[in-house]
$ cat query32.tsv   # TSV, C-alpha atoms
chain	number	residue	atom	x	y	z
A	23	MET	CA	-12.44	-11.50	4.91
A	24	ILE	CA	-11.87	-8.56	7.27
A	25	THR	CA	-11.63	-10.65	10.44
A	26	ARG	CA	-9.30	-13.28	8.94
A	27	LEU	CA	-6.15	-12.28	10.86
A	28	PHE	CA	-8.08	-11.85	14.12
A	29	LEU	CA	-9.48	-15.37	13.80
A	30	GLN	CA	-6.03	-16.67	12.82
A	31	ALA	CA	-4.49	-15.11	15.93
A	32	HIS	CA	-7.34	-16.27	18.20
A	33	ARG	CA	-8.18	-19.81	17.22
A	34	THR	CA	-10.26	-20.84	20.21
A	35	PRO	CA	-13.11	-21.00	20.69
A	36	VAL	CA	-13.78	-21.88	17.06
A	37	LEU	CA	-16.60	-19.86	15.55
A	38	ALA	CA	-19.33	-21.53	13.55
A	39	PRO	CA	-19.78	-20.17	10.00
A	40	ALA	CA	-22.84	-18.21	11.10
A	41	ASP	CA	-20.85	-16.53	13.88
A	42	VAL	CA	-18.04	-15.64	11.47
A	43	ALA	CA	-20.62	-14.09	9.16
A	44	ALA	CA	-22.13	-12.13	12.05
A	45	LEU	CA	-18.71	-10.83	13.10
A	46	GLU	CA	-17.96	-9.77	9.52
A	47	ALA	CA	-21.33	-8.06	9.19
A	48	SER	CA	-20.63	-6.01	12.32
A	49	VAL	CA	-17.93	-3.95	10.58
A	50	SER	CA	-19.24	-0.50	9.74
A	51	ARG	CA	-16.27	0.59	7.59
A	52	THR	CA	-12.52	0.50	7.19
A	53	VAL	CA	-10.33	3.57	7.71
A	54	GLU	CA	-6.70	4.43	7.03
A	55	PHE	CA	-4.45	6.57	9.24
A	56	ALA	CA	-1.05	8.05	8.47
A	57	ALA	CA	2.04	7.10	10.49
A	58	ARG	CA	2.26	8.77	13.92
A	59	ARG	CA	-1.36	9.91	13.70
A	60	VAL	CA	-3.27	9.88	17.01
A	61	ILE	CA	-6.32	7.64	16.64
A	62	VAL	CA	-7.84	7.87	20.15
A	63	ARG	CA	-7.22	10.53	22.80
A	64	PRO	CA	-7.72	10.09	26.57
A	65	GLN	CA	-11.26	10.65	27.86
A	66	GLU	CA	-12.57	11.01	24.32
A	67	PRO	CA	-16.12	9.57	24.03
A	68	LEU	CA	-15.98	6.36	22.00
A	69	SER	CA	-18.76	4.51	20.22
A	70	GLN	CA	-16.76	1.92	18.27
A	71	CYS	CA	-13.95	-0.60	18.64
A	72	THR	CA	-10.92	-0.81	16.34
A	73	LEU	CA	-9.52	-3.95	14.70
A	74	LEU	CA	-6.05	-3.49	13.21
A	75	LEU	CA	-5.83	-4.89	9.66
A	76	GLU	CA	-2.49	-3.53	8.41
A	77	GLY	CA	0.43	-1.77	10.09
A	78	PHE	CA	1.46	-1.25	13.72
A	79	ILE	CA	-0.29	0.68	16.50
A	80	GLU	CA	0.87	1.79	19.96
A	81	ARG	CA	-1.02	2.54	23.16
A	82	TYR	CA	0.79	5.00	25.41
A	83	LYS	CA	0.65	7.62	28.17
A	84	ASP	CA	2.69	10.83	28.37
A	85	THR	CA	3.79	12.35	31.68
A	86	ALA	CA	3.72	16.04	32.55
A	87	GLU	CA	7.52	16.02	32.22
A	88	GLY	CA	7.28	14.85	28.61
A	89	ARG	CA	8.25	11.20	29.13
A	90	ARG	CA	6.30	8.61	27.18
A	91	GLN	CA	5.54	5.08	28.30
A	92	ILE	CA	4.35	2.76	25.56
A	93	LEU	CA	1.79	0.46	27.17
A	94	ALA	CA	1.21	-1.93	24.28
A	95	LEU	CA	2.13	-2.64	20.69
A	96	HIS	CA	-0.49	-3.97	18.33
A	97	VAL	CA	0.01	-6.03	15.19
A	98	PRO	CA	-2.45	-6.94	12.43
A	99	GLY	CA	-5.22	-9.12	13.80
A	100	ASP	CA	-5.38	-7.31	17.15
A	101	PHE	CA	-8.44	-5.56	18.54
A	102	VAL	CA	-6.81	-2.37	19.77
A	103	ASP	CA	-9.48	-1.02	22.11
A	104	LEU	CA	-12.08	-3.72	22.66
A	105	HIS	CA	-12.25	-2.62	26.30
A	106	SER	CA	-13.72	0.69	25.07
A	107	TYR	CA	-17.00	-1.17	24.52
A	108	PRO	CA	-17.94	-1.30	28.21
A	109	LEU	CA	-15.86	1.73	29.27
A	110	LYS	CA	-16.89	4.11	26.44
A	111	GLN	CA	-13.55	5.94	26.72
A	112	LEU	CA	-9.88	5.24	27.37
A	113	GLU	CA	-7.52	6.81	29.89
A	114	HIS	CA	-4.60	6.60	27.45
A	115	SER	CA	-3.77	7.45	23.84
A	116	VAL	CA	-3.76	5.22	20.77
A	117	ALA	CA	-1.64	6.14	17.74
A	118	ALA	CA	-0.45	4.69	14.45
A	119	LEU	CA	3.26	3.84	14.42
A	120	THR	CA	3.14	3.21	10.66
A	121	PRO	CA	0.47	3.84	8.05
A	122	VAL	CA	-2.40	1.62	9.19
A	123	ARG	CA	-5.74	0.32	8.02
A	124	VAL	CA	-8.36	-0.53	10.62
A	125	ALA	CA	-11.90	-1.89	10.72
A	126	LEU	CA	-14.45	-0.19	12.95
A	127	PHE	CA	-17.04	-2.12	14.98
A	128	PRO	CA	-19.80	0.08	16.46
A	129	HIS	CA	-20.46	-0.66	20.11
A	130	ALA	CA	-24.11	-1.28	19.24
A	131	GLU	CA	-23.03	-4.09	16.89
A	132	ILE	CA	-20.69	-5.56	19.53
A	133	ARG	CA	-23.62	-5.61	21.94
A	134	ALA	CA	-25.89	-7.27	19.37
A	135	ILE	CA	-23.52	-10.07	18.37
A	136	THR	CA	-22.48	-10.85	21.96
A	137	GLN	CA	-26.12	-11.05	22.98
A	138	ARG	CA	-26.79	-13.51	20.15
A	139	SER	CA	-23.69	-15.69	20.43
A	140	ALA	CA	-22.03	-17.02	23.57
A	141	THR	CA	-19.11	-18.23	21.43
A	142	ILE	CA	-18.40	-14.75	20.02
A	143	THR	CA	-18.64	-13.36	23.55
A	144	GLU	CA	-16.10	-15.90	24.80
A	145	LEU	CA	-13.74	-15.19	21.89
A	146	LEU	CA	-13.79	-11.42	22.40
A	147	TRP	CA	-13.46	-11.82	26.17
A	148	ARG	CA	-10.53	-14.20	25.71
A	149	SER	CA	-8.84	-11.70	23.37
A	150	THR	CA	-9.13	-8.98	26.00
A	151	LEU	CA	-7.79	-11.27	28.74
A	152	ILE	CA	-4.75	-12.13	26.61
A	153	ASP	CA	-4.11	-8.39	26.17
A	154	ALA	CA	-4.17	-8.12	29.96
A	155	ALA	CA	-1.72	-11.03	30.30
A	156	ILE	CA	0.67	-9.32	27.88
A	157	ASN	CA	0.34	-6.11	29.88
A	158	ARG	CA	1.26	-7.94	33.10
A	159	GLU	CA	4.36	-9.36	31.42
A	160	TRP	CA	5.38	-5.87	30.31
A	161	ILE	CA	5.00	-4.67	33.91
A	162	VAL	CA	7.36	-7.44	35.03
A	163	SER	CA	9.87	-6.39	32.37
A	164	VAL	CA	9.87	-2.71	33.32
A	165	GLY	CA	9.84	-3.40	37.04
A	166	ALA	CA	12.07	-6.43	37.46
A	167	ARG	CA	14.10	-7.37	34.37
A	168	ALA	CA	17.55	-6.07	33.44
A	169	ALA	CA	17.59	-3.57	30.59
A	170	ALA	CA	18.99	-5.84	27.86
A	171	VAL	CA	16.68	-8.66	28.98
A	172	ARG	CA	13.65	-6.35	28.62
A	173	ILE	CA	14.48	-5.64	24.99
A	174	ALA	CA	15.29	-9.27	24.22
A	175	HIS	CA	11.97	-10.29	25.79
A	176	LEU	CA	10.13	-7.75	23.64
A	177	PHE	CA	11.76	-9.11	20.48
A	178	CYS	CA	10.80	-12.68	21.44
A	179	GLU	CA	7.20	-11.66	22.04
A	180	MET	CA	6.83	-9.67	18.84
A	181	TYR	CA	8.36	-12.47	16.79
A	182	LEU	CA	5.79	-15.00	18.03
A	183	ARG	CA	2.86	-12.61	17.69
A	184	LEU	CA	3.81	-11.73	14.12
A	185	ASP	CA	4.54	-15.34	13.26
A	186	ARG	CA	1.02	-16.18	14.43
A	187	VAL	CA	-0.39	-14.08	11.58
A	188	ASN	CA	2.23	-15.11	8.98
A	189	LEU	CA	4.14	-11.82	9.04
A	190	THR	CA	7.59	-13.34	9.58
A	191	ASP	CA	10.15	-14.61	7.11
A	192	GLY	CA	11.99	-17.38	8.87
A	193	LEU	CA	13.57	-15.61	11.84
A	194	ARG	CA	13.18	-12.16	10.26
A	195	PHE	CA	10.25	-9.88	10.97
A	196	PRO	CA	9.24	-6.22	10.64
A	197	LEU	CA	9.35	-4.13	13.80
A	198	PRO	CA	9.05	-0.52	12.64
A	199	LEU	CA	10.18	1.08	15.90
A	200	THR	CA	12.79	3.76	16.41
A	201	GLN	CA	15.31	3.38	19.22
A	202	ILE	CA	13.26	5.98	21.08
A	203	ASP	CA	10.16	3.78	20.68
A	204	ILE	CA	12.08	0.80	22.06
A	205	ALA	CA	13.22	2.95	24.99
A	206	ASP	CA	9.65	4.13	25.63
A	207	ALA	CA	8.34	0.55	25.51
A	208	SER	CA	11.00	-0.77	27.91
A	209	GLY	CA	11.20	2.09	30.40
A	210	LEU	CA	14.72	3.15	29.37
A	211	THR	CA	16.36	6.28	28.06
A	212	ALA	CA	17.19	6.31	24.35
A	213	VAL	CA	20.91	6.25	25.14
A	214	HIS	CA	20.52	3.23	27.44
A	215	ALA	CA	18.35	1.41	24.90
A	216	ASN	CA	20.99	2.02	22.23
A	217	ARG	CA	23.65	0.44	24.46
A	218	MET	CA	21.45	-2.57	25.18
A	219	LEU	CA	20.74	-3.11	21.48
A	220	ARG	CA	24.47	-3.05	20.85
A	221	GLN	CA	24.93	-5.63	23.60
A	222	LEU	CA	22.39	-7.93	21.94
A	223	ARG	CA	24.21	-7.54	18.63
A	224	GLU	CA	27.59	-8.23	20.23
A	225	ARG	CA	26.17	-11.40	21.81
A	226	LYS	CA	25.10	-12.39	18.28
A	227	LEU	CA	21.49	-12.72	19.32
A	228	ILE	CA	19.78	-10.22	17.00
A	229	GLU	CA	20.28	-7.67	14.26
A	230	PHE	CA	17.97	-4.65	14.29
A	231	ARG	CA	18.20	-2.32	11.31
A	232	GLN	CA	15.76	0.11	9.69
A	233	GLY	CA	12.68	-1.33	11.35
A	234	ASN	CA	13.52	-4.98	10.75
A	235	VAL	CA	14.71	-7.64	13.17
A	236	GLU	CA	16.69	-10.76	12.40
A	237	ILE	CA	17.02	-13.30	15.20
A	238	LEU	CA	20.46	-14.85	14.87
A	239	ASP	CA	20.07	-17.54	17.54
A	240	TRP	CA	16.49	-18.21	18.66
A	241	PRO	CA	17.25	-20.69	21.47
A	242	ALA	CA	19.97	-18.40	22.86
A	243	LEU	CA	17.73	-15.32	22.63
A	244	LYS	CA	14.95	-17.12	24.53
A	245	ARG	CA	17.42	-18.21	27.24
A	246	PHE	CA	18.86	-14.72	27.58
A	247	ALA	CA	15.37	-13.19	27.76
A	248	GLU	CA	14.12	-15.85	30.20
A	249	PHE	CA	11.21	-16.04	27.77
A	250	ASP	CA	8.24	-18.26	28.55
A	251	PRO	CA	5.55	-17.76	25.88
A	252	SER	CA	2.74	-19.24	27.99
A	253	TYR	CA	1.33	-15.76	28.71
A	254	LEU	CA	0.54	-15.41	24.97
A	255	TYR	CA	-1.82	-18.42	25.13
A	256	LEU	CA	-0.78	-19.69	21.71
A	257	ASP	CA	-3.15	-22.62	21.35

$ encode --input "query32.tsv" --output "structure tokens"
Amino acid sequence: MITRLFLQAHRTPVLAPADVAALEASVSRTVEFAARRVIVRPQEPLSQCTLLLEGFIERYKDTAEGRRQILALHVPGDFVDLHSYPLKQLEHSVAALTPVRVALFPHAEIRAITQRSATITELLWRSTLIDAAINREWIVSVGARAAAVRIAHLFCEMYLRLDRVNLTDGLRFPLPLTQIDIADASGLTAVHANRMLRQLRERKLIEFRQGNVEILDWPALKRFAEFDPSYLYLD
């Protein structure tokens, strides 16, 4: 079932079997993209929404000076650009971090199923609102948290989001980011991010090697990150 991970990540409201069937039937096709391939460009006219099935995707903006700010990271089960349905374009870029497979939902199908089902409408709306809550938490990190705390907070968040869709192995999970990606997600330089990762290792909180994270002490990492998962709305 194409929407299995989405429904696993977003468990309320619960869809009736007919609504699940309607959501599945709304998929026009699945597409694969290579790692680091741009999927959506700013101001590009859009007529479909993207559901991530496999791999990792980033949303980002580049400045005129060549700095990149990663705005969001998406894991399997995430609608990447559901907000493109009413907006018809994005003001930022979307790219594959790894090889990815996505399902495409034409805007016309999104309109049809939301007109027919209040429950589907609520589920998709709730998904978008949780994306916004995550975005607010990232703003707090970049604007108000110490550098090492920002990275620790990111690791806590990604662990819970991946665990939600059964992509963790105990306290180990894939996070196929370079140190530059981590810097771009946390508003740091690559050199500063490297130092903060070393600090987390020296505190025996995490190990981060070759795109994989191992949490060495989950309670201590949460305390250090001042991590409150309520913004993820894990029901």

$ closest_atom_pairs --input "query32.tsv" --of "segment 89-172 of chain A" --to "segment 223-247 of chain A" --cutoff "12 Å" --atoms "all atoms listed in the file" --output "tab-separated table"
residue	atom	partner	partner_atom	distance
A:Leu119	CA	A:Gly233	CA	11.2
A:Thr120	CA	A:Gly233	CA	10.6
A:Ser163	CA	A:Ala247	CA	9.9
A:Arg167	CA	A:Ala247	CA	8.9
A:Ala168	CA	A:Ala247	CA	9.4
A:Ala169	CA	A:Ala247	CA	10.3
A:Ala170	CA	A:Ala247	CA	8.2
A:Val171	CA	A:Ala247	CA	4.9
A:Arg172	CA	A:Ala247	CA	7.1

$ closest_atom_pairs --input "query32.tsv" --of "segment 122-210 of chain A" --to "segment 79-90 of chain A" --cutoff "12 Å" --atoms "all atoms listed in the file" --output "JSON lines"
{"residue": "A:Val122", "atom": "CA", "partner": "A:Ile79", "partner_atom": "CA", "distance": 7.7}
{"residue": "A:Arg123", "atom": "CA", "partner": "A:Ile79", "partner_atom": "CA", "distance": 10.1}
{"residue": "A:Val124", "atom": "CA", "partner": "A:Ile79", "partner_atom": "CA", "distance": 10.1}
{"residue": "A:Asp153", "atom": "CA", "partner": "A:Arg81", "partner_atom": "CA", "distance": 11.8}
{"residue": "A:Asn157", "atom": "CA", "partner": "A:Arg81", "partner_atom": "CA", "distance": 11.0}
{"residue": "A:Leu197", "atom": "CA", "partner": "A:Ile79", "partner_atom": "CA", "distance": 11.1}
{"residue": "A:Pro198", "atom": "CA", "partner": "A:Ile79", "partner_atom": "CA", "distance": 10.2}
{"residue": "A:Leu199", "atom": "CA", "partner": "A:Glu80", "partner_atom": "CA", "distance": 10.2}
{"residue": "A:Ile202", "atom": "CA", "partner": "A:Arg90", "partner_atom": "CA", "distance": 9.6}
{"residue": "A:Asp203", "atom": "CA", "partner": "A:Arg90", "partner_atom": "CA", "distance": 9.0}
{"residue": "A:Ile204", "atom": "CA", "partner": "A:Arg90", "partner_atom": "CA", "distance": 11.0}
{"residue": "A:Ala205", "atom": "CA", "partner": "A:Arg90", "partner_atom": "CA", "distance": 9.2}
{"residue": "A:Asp206", "atom": "CA", "partner": "A:Arg90", "partner_atom": "CA", "distance": 5.8}
{"residue": "A:Ala207", "atom": "CA", "partner": "A:Arg90", "partner_atom": "CA", "distance": 8.5}
{"residue": "A:Ser208", "atom": "CA", "partner": "A:Arg90", "partner_atom": "CA", "distance": 10.5}
{"residue": "A:Gly209", "atom": "CA", "partner": "A:Arg90", "partner_atom": "CA", "distance": 8.8}
{"residue": "A:Leu210", "atom": "CA", "partner": "A:Arg90", "partner_atom": "CA", "distance": 10.3}

$ closest_residue --input "query32.tsv" --among "A:Val164, A:Ala125, A:Leu184, A:Leu176" --to "Asp103 of chain A" --atoms "all atoms listed in the file"
A:Ala125

$ closest_residue --input "query32.tsv" --among "A:Ala38, A:Leu104, A:Ala174, A:Ala118" --to "Arg133 of chain A" --atoms "only C-alpha atoms"
A:Leu104

$ residues_around --input "query32.tsv" --residues "Pro67 of chain A" --least-positions-apart "5" --cutoff "10 Å" --atoms "all atoms listed in the file" --output "number ranges by chain"
A: 62, 106, 109-112

$ closest_residue --input "query32.tsv" --among "A:Trp160, A:Phe127, A:Phe55, A:Phe28" --to "Ile92 of chain A" --atoms "only C-alpha atoms"
A:Trp160

$ atom_distance --input "query32.tsv" --atom1 "atom CA of Val42 of chain A" --atom2 "atom CA of Ala140 of chain A"
12.8 Å

$ atom_distance --input "query32.tsv" --atom1 "atom CA of Arg33 of chain A" --atom2 "atom CA of Arg186 of chain A"
10.3 Å

$ atom_distance --input "query32.tsv" --atom1 "atom CA of Leu254 of chain A" --atom2 "atom CA of Ile152 of chain A"
6.4 Å

$ closest_residue --input "query32.tsv" --among "A:Val97, A:Cys178, A:Ala130, A:Ala56" --to "Leu27 of chain A" --atoms "only C-alpha atoms"
A:Val97

$ closest_residue --input "query32.tsv" --among "A:Thr143, A:Gln30, A:Thr150, A:Asn188" --to "Leu256 of chain A" --atoms "only C-alpha atoms"
A:Gln30

$ closest_residue --input "query32.tsv" --among "A:Val162, A:Leu37, A:Met180, A:Leu45" --to "His96 of chain A" --atoms "all atoms listed in the file"
A:Met180

$ axis_aligned_box --input "query32.tsv" --around "segment 201-214 of chain A" --padding-each-side "3 Å" --output "JSON"
{"center_x": 14.6, "center_y": 2.8, "center_z": 24.8, "size_x": 18.6, "size_y": 13.1, "size_z": 17.2}
